Amino acid sequence: MKETTPNHTQTVDGWAARDSSGKITPFVFKRRENGVDDVTIKILYCGICHTDLHHVRDDWGITMYPVVPGHEITGVITKVGSNVTNFKAGDRVGVGCLAASCLECEFCKASEENYCDKVQFTYNGIFWDGSITYGGYSKMLVADKRYVVHVPDSLPLDAAAPLLCAGITVFSPMKHYNMSQPGKKLGVVGLGGLGHVAIKFGKAFGLHVTVISTSPSKEKEAKERLGADDFIVSTDPKSMKRGARSLDYIIDTAAAKHSLGPILELLTVRGTLVLVGAPDQPVDLPSFPLIFGKRNVAGSVIGGMKETQEMLDFCGEHNITCDIELVKPDYINEALDRVARNDVRYRFVIDIDATSEH
């Protein structure tokens, strides 16, 4: 493992995977001292993202072990550096996927740090000082002020945590592709961690929201629990035919390999589908539904810092949080196994301070 720099002197308790078995065990490690541009955060909650599962099991072949996952972090600031003016001790804050970027490219200057060529992530990244980043499955974090956001007082820190990844992942393309025009029709493919937040944003924007799912059994919860207006079973040809050319936009959150052809047929002419799920195999994209409807297919990944703050403020105004199952640290392995089976409604969040059994 890469040696950390000399100023990594703070001992932190956390939880890490040591190899591709993905098993999470307690892990004591070092974090850097709080620098002039840093804030130190006592972590209270951390969401469990599907990305964490891929990293701990090295599904993408890029994991640097030991890996401390977690990029849906909320907590309270305990210390600020001398150059920090927009945060103070006691502030309720969040940290998402970003730990560092070049700060100088066109994307950084446009508050789109997530598209910087040199972006480094909150865990399994390389920070400016050359050290490997460790994430939110831990008691404390030192973060550069430029990658920290305020959590509105109206939002509970536990149910707000997944907004730092799942929330911004769907909010960013909705803003970019003007999916905020009241009365327009939005389709959401997949009813999971991302999809359930997309429904809530869609309703807050005044959209007519249709959930597109392979599971007929999810119709009741989509409509009654989350407020969706309509439901299409993607495996039912009659249901799909009824929905043809009915949607202005679609956000596709599905993480499994699937064909975009039938889903594209649900879009109006010149409609837009945005992929935010990350199947580990290529999706199927037939040309006819694309060219005969002058339809657009786009992709999007998380969001920049300015937009992340805007998203949280929007959630504060509209009282939007994630539907979570709160677990204690000794339940992390079971939670990850359940994430692999899609057995969660809709996001696990670790109560970092909890010590007793689940």
# chains A, B, ... in the order shown; residues from 1 in each chain; ligands from 1
$ residues_around --residues "A:Arg270" --least-positions-apart "5" --cutoff "8 Å" --atoms "only C-alpha atoms" --output "list in words"
Gly293, Lys294, Arg295 and Asn296 of chain A
$ residues_around --residues "A:Glu219" --least-positions-apart "5" --cutoff "9 Å" --atoms "only C-alpha atoms" --output "PDB file with all heavy atoms, in the first residue's frame"
ATOM      1  N   VAL A 211     -43.637   5.557 -13.827  1.00  0.00           N
ATOM      2  CA  VAL A 211     -42.581   4.600 -13.489  1.00  0.00           C
ATOM      3  C   VAL A 211     -42.625   3.452 -14.495  1.00  0.00           C
ATOM      4  O   VAL A 211     -43.693   2.931 -14.816  1.00  0.00           O
ATOM      5  CB  VAL A 211     -42.742   4.070 -12.048  1.00  0.00           C
ATOM      6  CG1 VAL A 211     -41.756   2.937 -11.774  1.00  0.00           C
ATOM      7  CG2 VAL A 211     -42.542   5.200 -11.048  1.00  0.00           C
ATOM      8  N   SER A 213     -41.102  -0.245 -15.039  1.00  0.00           N
ATOM      9  CA  SER A 213     -40.463  -1.287 -14.238  1.00  0.00           C
ATOM     10  C   SER A 213     -40.754  -2.667 -14.799  1.00  0.00           C
ATOM     11  O   SER A 213     -41.778  -2.892 -15.450  1.00  0.00           O
ATOM     12  CB  SER A 213     -40.966  -1.195 -12.789  1.00  0.00           C
ATOM     13  OG  SER A 213     -40.496  -2.274 -12.012  1.00  0.00           O
ATOM     14  N   GLU A 224     -48.785   4.840  -4.564  1.00  0.00           N
ATOM     15  CA  GLU A 224     -49.292   5.208  -3.235  1.00  0.00           C
ATOM     16  C   GLU A 224     -48.209   5.761  -2.321  1.00  0.00           C
ATOM     17  O   GLU A 224     -48.446   6.715  -1.577  1.00  0.00           O
ATOM     18  CB  GLU A 224     -49.972   3.998  -2.590  1.00  0.00           C
ATOM     19  CG  GLU A 224     -51.226   3.560  -3.325  1.00  0.00           C
ATOM     20  CD  GLU A 224     -51.916   2.376  -2.664  1.00  0.00           C
ATOM     21  OE1 GLU A 224     -51.525   2.005  -1.531  1.00  0.00           O
ATOM     22  OE2 GLU A 224     -52.824   1.804  -3.298  1.00  0.00           O
ATOM     23  N   ALA A 228     -46.257   8.537  -7.804  1.00  0.00           N
ATOM     24  CA  ALA A 228     -46.205   8.453  -9.272  1.00  0.00           C
ATOM     25  C   ALA A 228     -47.620   8.478  -9.844  1.00  0.00           C
ATOM     26  O   ALA A 228     -48.570   8.012  -9.209  1.00  0.00           O
ATOM     27  CB  ALA A 228     -45.488   7.180  -9.703  1.00  0.00           C
ATOM     28  N   ASP A 230     -48.448   7.271 -13.022  1.00  0.00           N
ATOM     29  CA  ASP A 230     -48.744   6.163 -13.926  1.00  0.00           C
ATOM     30  C   ASP A 230     -47.653   5.105 -13.776  1.00  0.00           C
ATOM     31  O   ASP A 230     -46.591   5.355 -13.192  1.00  0.00           O
ATOM     32  CB  ASP A 230     -48.807   6.670 -15.375  1.00  0.00           C
ATOM     33  CG  ASP A 230     -49.787   5.874 -16.228  1.00  0.00           C
ATOM     34  OD1 ASP A 230     -50.142   4.740 -15.820  1.00  0.00           O
ATOM     35  OD2 ASP A 230     -50.173   6.369 -17.300  1.00  0.00           O
ATOM     36  N   PHE A 231     -47.921   3.934 -14.341  1.00  0.00           N
ATOM     37  CA  PHE A 231     -46.989   2.805 -14.192  1.00  0.00           C
ATOM     38  C   PHE A 231     -47.036   1.962 -15.457  1.00  0.00           C
ATOM     39  O   PHE A 231     -48.119   1.616 -15.938  1.00  0.00           O
ATOM     40  CB  PHE A 231     -47.392   1.958 -12.980  1.00  0.00           C
ATOM     41  CG  PHE A 231     -46.362   0.938 -12.564  1.00  0.00           C
ATOM     42  CD1 PHE A 231     -45.358   1.261 -11.662  1.00  0.00           C
ATOM     43  CD2 PHE A 231     -46.419  -0.354 -13.066  1.00  0.00           C
ATOM     44  CE1 PHE A 231     -44.429   0.319 -11.253  1.00  0.00           C
ATOM     45  CE2 PHE A 231     -45.477  -1.308 -12.679  1.00  0.00           C
ATOM     46  CZ  PHE A 231     -44.482  -0.968 -11.775  1.00  0.00           C
ATOM     47  N   ILE A 232     -45.881   1.682 -16.013  1.00  0.00           N
ATOM     48  CA  ILE A 232     -45.783   0.838 -17.201  1.00  0.00           C
ATOM     49  C   ILE A 232     -44.917  -0.378 -16.877  1.00  0.00           C
ATOM     50  O   ILE A 232     -43.809  -0.237 -16.349  1.00  0.00           O
ATOM     51  CB  ILE A 232     -45.163   1.609 -18.392  1.00  0.00           C
ATOM     52  CG1 ILE A 232     -46.108   2.724 -18.850  1.00  0.00           C
ATOM     53  CG2 ILE A 232     -44.838   0.664 -19.555  1.00  0.00           C
ATOM     54  CD1 ILE A 232     -45.532   3.626 -19.933  1.00  0.00           C
ATOM     55  N   VAL A 233     -45.455  -1.559 -17.168  1.00  0.00           N
ATOM     56  CA  VAL A 233     -44.678  -2.797 -16.977  1.00  0.00           C
ATOM     57  C   VAL A 233     -43.895  -3.044 -18.259  1.00  0.00           C
ATOM     58  O   VAL A 233     -44.479  -3.343 -19.313  1.00  0.00           O
ATOM     59  CB  VAL A 233     -45.606  -3.988 -16.658  1.00  0.00           C
ATOM     60  CG1 VAL A 233     -44.774  -5.254 -16.430  1.00  0.00           C
ATOM     61  CG2 VAL A 233     -46.466  -3.689 -15.434  1.00  0.00           C
TER      62      VAL A 233
END
$ residues_around --residues "stretch 130-144 of chain A" --least-positions-apart "4" --cutoff "6 Å" --atoms "only C-alpha atoms" --output "ChimeraX atom specification"
/A:4,13-15,37-43,46,68-71,73,122-126
$ write_last_selection --atoms "N, CA and C atoms" --output "PDB file, in the first residue's frame"
ATOM      1  N   THR A   4       1.418   7.003   3.226  1.00  0.00           N
ATOM      2  CA  THR A   4       0.797   8.319   3.300  1.00  0.00           C
ATOM      3  C   THR A   4       1.852   9.342   3.704  1.00  0.00           C
ATOM      4  N   ASP A  13     -11.153   5.424  13.350  1.00  0.00           N
ATOM      5  CA  ASP A  13     -11.796   4.112  13.282  1.00  0.00           C
ATOM      6  C   ASP A  13     -12.733   4.081  12.086  1.00  0.00           C
ATOM      7  N   GLY A  14     -12.650   2.991  11.330  1.00  0.00           N
ATOM      8  CA  GLY A  14     -13.532   2.856  10.182  1.00  0.00           C
ATOM      9  C   GLY A  14     -13.779   1.394   9.868  1.00  0.00           C
ATOM     10  N   TRP A  15     -14.298   1.162   8.664  1.00  0.00           N
ATOM     11  CA  TRP A  15     -14.609  -0.198   8.211  1.00  0.00           C
ATOM     12  C   TRP A  15     -14.140  -0.322   6.768  1.00  0.00           C
ATOM     13  N   ASP A  37      -7.232  24.978   4.131  1.00  0.00           N
ATOM     14  CA  ASP A  37      -8.444  24.961   3.305  1.00  0.00           C
ATOM     15  C   ASP A  37      -9.389  23.826   3.668  1.00  0.00           C
ATOM     16  N   ASP A  38      -9.119  23.152   4.770  1.00  0.00           N
ATOM     17  CA  ASP A  38      -9.879  21.955   5.128  1.00  0.00           C
ATOM     18  C   ASP A  38     -10.919  22.206   6.208  1.00  0.00           C
ATOM     19  N   VAL A  39     -11.887  21.289   6.253  1.00  0.00           N
ATOM     20  CA  VAL A  39     -12.778  21.187   7.406  1.00  0.00           C
ATOM     21  C   VAL A  39     -12.715  19.748   7.910  1.00  0.00           C
ATOM     22  N   THR A  40     -12.816  19.592   9.221  1.00  0.00           N
ATOM     23  CA  THR A  40     -12.881  18.259   9.808  1.00  0.00           C
ATOM     24  C   THR A  40     -14.342  17.984  10.174  1.00  0.00           C
ATOM     25  N   ILE A  41     -14.816  16.812   9.776  1.00  0.00           N
ATOM     26  CA  ILE A  41     -16.229  16.462   9.941  1.00  0.00           C
ATOM     27  C   ILE A  41     -16.361  15.211  10.806  1.00  0.00           C
ATOM     28  N   LYS A  42     -17.156  15.322  11.852  1.00  0.00           N
ATOM     29  CA  LYS A  42     -17.556  14.124  12.604  1.00  0.00           C
ATOM     30  C   LYS A  42     -18.674  13.482  11.784  1.00  0.00           C
ATOM     31  N   ILE A  43     -18.400  12.304  11.242  1.00  0.00           N
ATOM     32  CA  ILE A  43     -19.389  11.631  10.393  1.00  0.00           C
ATOM     33  C   ILE A  43     -20.467  11.000  11.268  1.00  0.00           C
ATOM     34  N   CYS A  46     -23.734   7.590   6.780  1.00  0.00           N
ATOM     35  CA  CYS A  46     -23.180   7.363   5.446  1.00  0.00           C
ATOM     36  C   CYS A  46     -24.068   6.367   4.704  1.00  0.00           C
ATOM     37  N   VAL A  68     -11.926   1.855   2.068  1.00  0.00           N
ATOM     38  CA  VAL A  68     -12.971   2.326   2.986  1.00  0.00           C
ATOM     39  C   VAL A  68     -14.021   3.014   2.118  1.00  0.00           C
ATOM     40  N   PRO A  69     -15.162   2.364   1.848  1.00  0.00           N
ATOM     41  CA  PRO A  69     -16.145   2.948   0.932  1.00  0.00           C
ATOM     42  C   PRO A  69     -16.914   4.100   1.577  1.00  0.00           C
ATOM     43  N   GLY A  70     -17.870   4.623   0.813  1.00  0.00           N
ATOM     44  CA  GLY A  70     -18.782   5.612   1.356  1.00  0.00           C
ATOM     45  C   GLY A  70     -18.614   6.996   0.768  1.00  0.00           C
ATOM     46  N   HIS A  71     -19.610   7.429  -0.046  1.00  0.00           N
ATOM     47  CA  HIS A  71     -19.573   8.789  -0.585  1.00  0.00           C
ATOM     48  C   HIS A  71     -20.943   9.466  -0.481  1.00  0.00           C
ATOM     49  N   ILE A  73     -22.163  11.125   2.597  1.00  0.00           N
ATOM     50  CA  ILE A  73     -21.727  11.412   3.969  1.00  0.00           C
ATOM     51  C   ILE A  73     -22.419  12.655   4.526  1.00  0.00           C
ATOM     52  N   THR A 122     -13.968  10.473  -3.353  1.00  0.00           N
ATOM     53  CA  THR A 122     -13.913  10.483  -1.895  1.00  0.00           C
ATOM     54  C   THR A 122     -13.293   9.215  -1.326  1.00  0.00           C
ATOM     55  N   TYR A 123     -13.417   8.122  -2.064  1.00  0.00           N
ATOM     56  CA  TYR A 123     -12.662   6.926  -1.669  1.00  0.00           C
ATOM     57  C   TYR A 123     -12.096   6.266  -2.921  1.00  0.00           C
ATOM     58  N   ASN A 124     -11.015   5.507  -2.714  1.00  0.00           N
ATOM     59  CA  ASN A 124     -10.321   4.837  -3.819  1.00  0.00           C
ATOM     60  C   ASN A 124      -9.810   5.826  -4.877  1.00  0.00           C
ATOM     61  N   GLY A 125      -9.483   7.039  -4.407  1.00  0.00           N
ATOM     62  CA  GLY A 125      -8.873   8.038  -5.280  1.00  0.00           C
ATOM     63  C   GLY A 125      -7.493   8.399  -4.754  1.00  0.00           C
ATOM     64  N   ILE A 126      -6.818   9.277  -5.490  1.00  0.00           N
ATOM     65  CA  ILE A 126      -5.508   9.772  -5.040  1.00  0.00           C
ATOM     66  C   ILE A 126      -5.646  11.267  -4.779  1.00  0.00           C
TER      67      ILE A 126
END
$ select_by_dssp --residues "stretch 32-128 of chain A" --states "strand (DSSP E or B)" --output "PyMOL selection string"
chain A and resi 38-48+67+73-80+92-95+98-100+120-121+126
$ atom_distance --atom1 "atom CA of A:Lys88" --atom2 "atom CA of A:Thr74"
15.1 Å
$ atom_distance --atom1 "atom CA of A:Glu221" --atom2 "atom CA of A:Asn333"
26.8 Å
$ select_by_dssp --residues "stretch 236-353 of chain A" --states "helix (DSSP H, G or I)" --output "PyMOL selection string"
chain A and resi 237-242+261-264+287-291+305-318+329-340
$ closest_residue --among "A:Ala89, A:Pro237, A:Arg18, A:Thr253" --to "A:Ala198" --atoms "only C-alpha atoms"
A:Thr253
$ atom_distance --atom1 "atom CA of A:Ser111" --atom2 "atom CA of A:Gly303"
8.8 Å
$ residues_around --residues "A:Asp280" --least-positions-apart "3" --cutoff "12 Å" --atoms "only C-alpha atoms" --output "list of chain:residue names"
A:His50, A:Thr51, A:His54, A:Asp59, A:Trp60, A:Gly61, A:Ala254, A:Ala255, A:Ala256, A:Lys257, A:His258, A:Gly277, A:Val283
$ closest_residue --among "A:Arg92, A:Cys97, A:Asp248, A:Ala17" --to "A:Tyr65" --atoms "only C-alpha atoms"
A:Ala17
$ closest_atom_pairs --of "stretch 116-156 of chain A" --to "stretch 318-331 of chain A" --cutoff "9 Å" --atoms "only C-alpha atoms" --output "Markdown table"
| residue | atom | partner | partner_atom | distance |
| --- | --- | --- | --- | --- |
| A:Tyr137 | CA | A:Pro329 | CA | 8.3 |
| A:Ser154 | CA | A:Asn319 | CA | 7.4 |
| A:Leu155 | CA | A:Asn319 | CA | 7.0 |
| A:Pro156 | CA | A:Thr321 | CA | 8.0 |
$ write_last_selection --atoms "C-alpha atoms" --output "PDB file, in the first residue's frame"
ATOM      1  CA  TYR A 137     -17.528   4.212   6.451  1.00  0.00           C
ATOM      2  CA  SER A 154     -35.047  21.164   7.706  1.00  0.00           C
ATOM      3  CA  LEU A 155     -33.549  17.905   6.432  1.00  0.00           C
ATOM      4  CA  PRO A 156     -32.724  15.006   8.789  1.00  0.00           C
TER       5      PRO A 156
END
$ residues_around --residues "stretch 244-246 of chain A" --least-positions-apart "3" --cutoff "6 Å" --atoms "only C-alpha atoms" --output "PDB file with N, CA and C atoms, in the first residue's frame"
ATOM      1  N   LYS A 241     -47.258  -0.700 -25.320  1.00  0.00           N
ATOM      2  CA  LYS A 241     -47.933  -0.130 -26.501  1.00  0.00           C
ATOM      3  C   LYS A 241     -48.839   1.033 -26.093  1.00  0.00           C
ATOM      4  N   GLU A 265     -39.346   3.934 -27.531  1.00  0.00           N
ATOM      5  CA  GLU A 265     -40.650   4.047 -28.187  1.00  0.00           C
ATOM      6  C   GLU A 265     -41.677   4.758 -27.303  1.00  0.00           C
ATOM      7  N   LEU A 266     -41.378   4.851 -26.000  1.00  0.00           N
ATOM      8  CA  LEU A 266     -42.287   5.544 -25.084  1.00  0.00           C
ATOM      9  C   LEU A 266     -42.146   7.061 -25.191  1.00  0.00           C
ATOM     10  N   LEU A 267     -41.049   7.520 -25.791  1.00  0.00           N
ATOM     11  CA  LEU A 267     -40.795   8.953 -25.914  1.00  0.00           C
ATOM     12  C   LEU A 267     -41.561   9.578 -27.069  1.00  0.00           C
ATOM     13  N   THR A 268     -41.946  10.831 -26.894  1.00  0.00           N
ATOM     14  CA  THR A 268     -42.493  11.602 -27.998  1.00  0.00           C
ATOM     15  C   THR A 268     -41.392  11.853 -29.029  1.00  0.00           C
TER      16      THR A 268
END
$ residues_around --residues "A:Val339" --least-positions-apart "5" --cutoff "12 Å" --atoms "only C-alpha atoms" --output "list of chain:residue names"
A:Gly47, A:Ile48, A:Cys49, A:His50, A:Thr51, A:Asp52, A:Leu53, A:His54, A:Gly192, A:Gly193, A:Ala255, A:Glu325, A:Ile332, A:Asn333, A:Glu334, A:Val344, A:Arg345, A:Tyr346, A:Arg347, A:Phe348, A:Val349
$ write_last_selection --atoms "C-alpha atoms" --output "PDB file, in the first residue's frame"
ATOM      1  CA  GLY A  47     -25.348   5.893   2.708  1.00  0.00           C
ATOM      2  CA  ILE A  48     -24.537   2.580   1.048  1.00  0.00           C
ATOM      3  CA  CYS A  49     -24.400   3.028  -2.733  1.00  0.00           C
ATOM      4  CA  HIS A  50     -24.345   0.272  -5.369  1.00  0.00           C
ATOM      5  CA  THR A  51     -20.934   1.695  -6.333  1.00  0.00           C
ATOM      6  CA  ASP A  52     -19.632   0.651  -2.908  1.00  0.00           C
ATOM      7  CA  LEU A  53     -20.509  -2.948  -3.735  1.00  0.00           C
ATOM      8  CA  HIS A  54     -18.622  -2.775  -7.055  1.00  0.00           C
ATOM      9  CA  GLY A 192     -34.583   1.853  -6.553  1.00  0.00           C
ATOM     10  CA  GLY A 193     -32.200   4.244  -4.821  1.00  0.00           C
ATOM     11  CA  ALA A 255     -28.178  -1.020 -13.407  1.00  0.00           C
ATOM     12  CA  GLU A 325     -33.326   1.717   6.190  1.00  0.00           C
ATOM     13  CA  ILE A 332     -22.730  -3.509   6.723  1.00  0.00           C
ATOM     14  CA  ASN A 333     -21.944  -6.923   5.181  1.00  0.00           C
ATOM     15  CA  GLU A 334     -25.575  -8.048   5.328  1.00  0.00           C
ATOM     16  CA  VAL A 344     -33.841  -2.496   0.140  1.00  0.00           C
ATOM     17  CA  ARG A 345     -36.492   0.251   0.091  1.00  0.00           C
ATOM     18  CA  TYR A 346     -34.631   2.262  -1.108  1.00  0.00           C
ATOM     19  CA  ARG A 347     -31.266   3.033   0.440  1.00  0.00           C
ATOM     20  CA  PHE A 348     -29.316   1.701   3.392  1.00  0.00           C
ATOM     21  CA  VAL A 349     -27.748   4.347   5.605  1.00  0.00           C
TER      22      VAL A 349
END
